[in-house]
Amino acid sequence: MADHSGMVEKRGFGLWMTHLGLIIGLLFVFFPIWLALVASTVTQADIMDPPMPLLPGDHFFENYRKALVSGINAPVAWMMVNSMIMALGIAFGKIVISLLSAFAIVYFRFPGRRTFFWLIFLTLMLPVEVRIVPTYEVVAGFGMLNSYSGLIFPLIASATATFLFRQFFMTVPDELAEAARVDGASPMQFFRDILLPMSRTNIAALFVILFIYGWNQYLWPLLITTDPSMNTIVMGIKQMFPSGDDFADWPVIMATSILAMIPPVIVVVGMQRLFIRGLVDSEK
Amino acid sequence: MATVKLDSLKKSFGKTEVIHGVDIDIKDGEFIVIVGPSGCGKSTLLRMVAGLETVTSGTVQIDGAVVNDREPMDRDIAMVFQNYALYPHMSVFDNMAYGLKIAGTPKAEIAERVDTAAKLLQLESYLKRRPRELSGGQRQRVAMGRAIVRKPSVFLFDEPLSNLDAKLRVQMRLEIKQLQRRLGVTSLYVTHDQVEAMTLADRMIVMNAGVADQIGAPLEVYANPATEFVAGFIGSPPTNFVNADLAGIGNPDAVKLGVRPEHLNVMPSGSGRLAAKVMYTEALGAETLTHLELADGTMVTARQSATEAGAAEGTEVGLDWQDGDEMLFDRNGKRC
Ligand SMILES: Nc1ncnc2c1ncn2[C@@H]1O[C@H](COP(=O)(O)OP(=O)(O)O)[C@@H](O)[C@H]1O
Ligand SMILES: [Mg+2]
């Protein structure tokens, strides 16, 4: 926007070239997804017989029903439910915990406040992958293998979200807290009635990011769910790949991939307006 | 309605003491203005009365009860903040009603009280709006409304007008004064603007670096400042200070002589008590300010009615004043 004359000059040939470039780039990115979509609508034989078809076949319902109802190790519908519970649990859990810890760190003067902040900050350097063995030990010790709590709890602590909310709370004028105090609000009433509604665009933005983070978890569910009924969809796809001489049911695998993409897309599109507002400005 | 009493009130932040012991007795329904330069501790004093700042020593009494350890809400006060501190996500109605809702006031009564306050403040047609959809003056009114609906016994204002433009400030000043008269609520009002203090106060407290230099009715403080600081701070243009020796003052304790600009008479050269040179003049319409330089380089200002003939810039003149208008200050800046 700053360079206005540049934009005007781009009219005509330059504009077409830009669009052409963007469209080619888009096709390039979109092509694998298109292939997956095509592969999920044809038969195994069509895929095995080169050249691979580039237009959708007529086995859409058959393949998707097979995936959803029976899948390969576990029904995909069931894996999606598991993924949904895990992603929602992680997103809500992270938001609740980080909101509360940011609230404590910003608004209360308690001994060791700084220490706690830096401890939380330190955990940024310790994602699940780094602490996976001890975390596994702990979760196994609590008997949480093959359970939703085992899938969710170890991933809930979030330094990033805590930090984000801390930064936001620090931009809220002190007088607001004081006005609420004069109005007779208790600290939790202030949190619920004032801070929470003021943070809603930030919460929405974070929800989108965290939902996708939770949905895309791979290593952790792979490690702690041995029971196929607890499999999540992202790890489930990988599990569908054949080992040894088994043959791969590509149409079903591709249908599963497409299905796995749908919920994150729905969340992003559905929350797009709030999401962008939350990233761009905060309502004060 | 209540009385407020501060008794040798002190406040330290860490090791630095910022309020050095303030005493005042505020009568029921009185409008008290705390005035002083930025950083002198006005807000801190007010916030101690509000209960937003702990008291280091001394006591705050509201209606005879020591409230040092009470939460703000239990002190029966309401406060208006400089930046209004309106809840940004709530409508004007909800902003005003929030305190009542928390107190568990019945819905019908909340609606009635908010409506009454809105009518009083001409906010009726804005009740559904959010604060960001209001002008500065309207936000200011909402902040006042939030204070009014709670029917507190003391209003506390911390520079409530300093975010408004000059014209609106004058208008809101009048409105605040009328409102306080109508409601008769004891009020403590903080400002750094001495005109605001003069026009609003029943009595004013002039603060200087954490000390209440003088407490009194505005005109009394103006006519009879207790310290050099008060004489210099209250009044615009400020009091002229002249070296006592130069002015030929007999009193051995006096170091400085203070004379208000309107008490200085510009005379023909050779007459009067002091010789001076006119540096420049400012004709303001109703009055003319003449800025003069004395023999020792001190600048003084004389305020003359525009009907008097002014001296031309660059001319030598004489200065005179009446004995009764002399204010003598000793080495410590106290009157003597
Ligand atoms: N929370 C605080 N911590 C440390 N010093 C403070 C704090 N609040 C105010 N002060 C100091 O106290 C003095 C008086 O401040 P304040 O009451 O805000 O002045 P005013 O309202 O008259 O401008 C200032 O020097 C300020 O730096
Ligand atoms: Mg202040």
# chains A, B, ... in the order shown; residues from 1 in each chain; ligands from 1
call {"tool": "residues_near_ligand", "arguments": {"ligand": "ligand 1", "cutoff": "9 Å", "atoms": "only C-alpha atoms and all ligand atoms", "output": "ChimeraX atom specification"}}
result
/B:11-14,16-19,35-47,53,158-159,190-192,207-210
call {"tool": "atom_distance", "arguments": {"atom1": "atom CA of A:Met48", "atom2": "atom CA of A:Pro242"}}
result
15.0 Å
call {"tool": "interface_residues", "arguments": {"of": "chain A", "to": "chain B", "cutoff": "6 Å", "atoms": "only C-alpha atoms", "output": "number ranges by chain"}}
result
A: 175-176, 182-184
call {"tool": "residues_around", "arguments": {"residues": "A:Trp78", "least_positions_apart": "4", "cutoff": "9 Å", "atoms": "only C-alpha atoms", "output": "VMD selection string"}}
result
chain A and resid 68 to 69 74 82 to 83 229 to 233
call {"tool": "atom_distance", "arguments": {"atom1": "atom CA of A:Tyr64", "atom2": "atom CA of A:Ile237"}}
result
14.1 Å
call {"tool": "residues_around", "arguments": {"residues": "stretch 195-202 of chain B", "least_positions_apart": "5", "cutoff": "7 Å", "atoms": "only C-alpha atoms", "output": "JSON, numbers by chain"}}
result
{"B": [30, 31, 32, 33, 35, 177, 217, 218]}
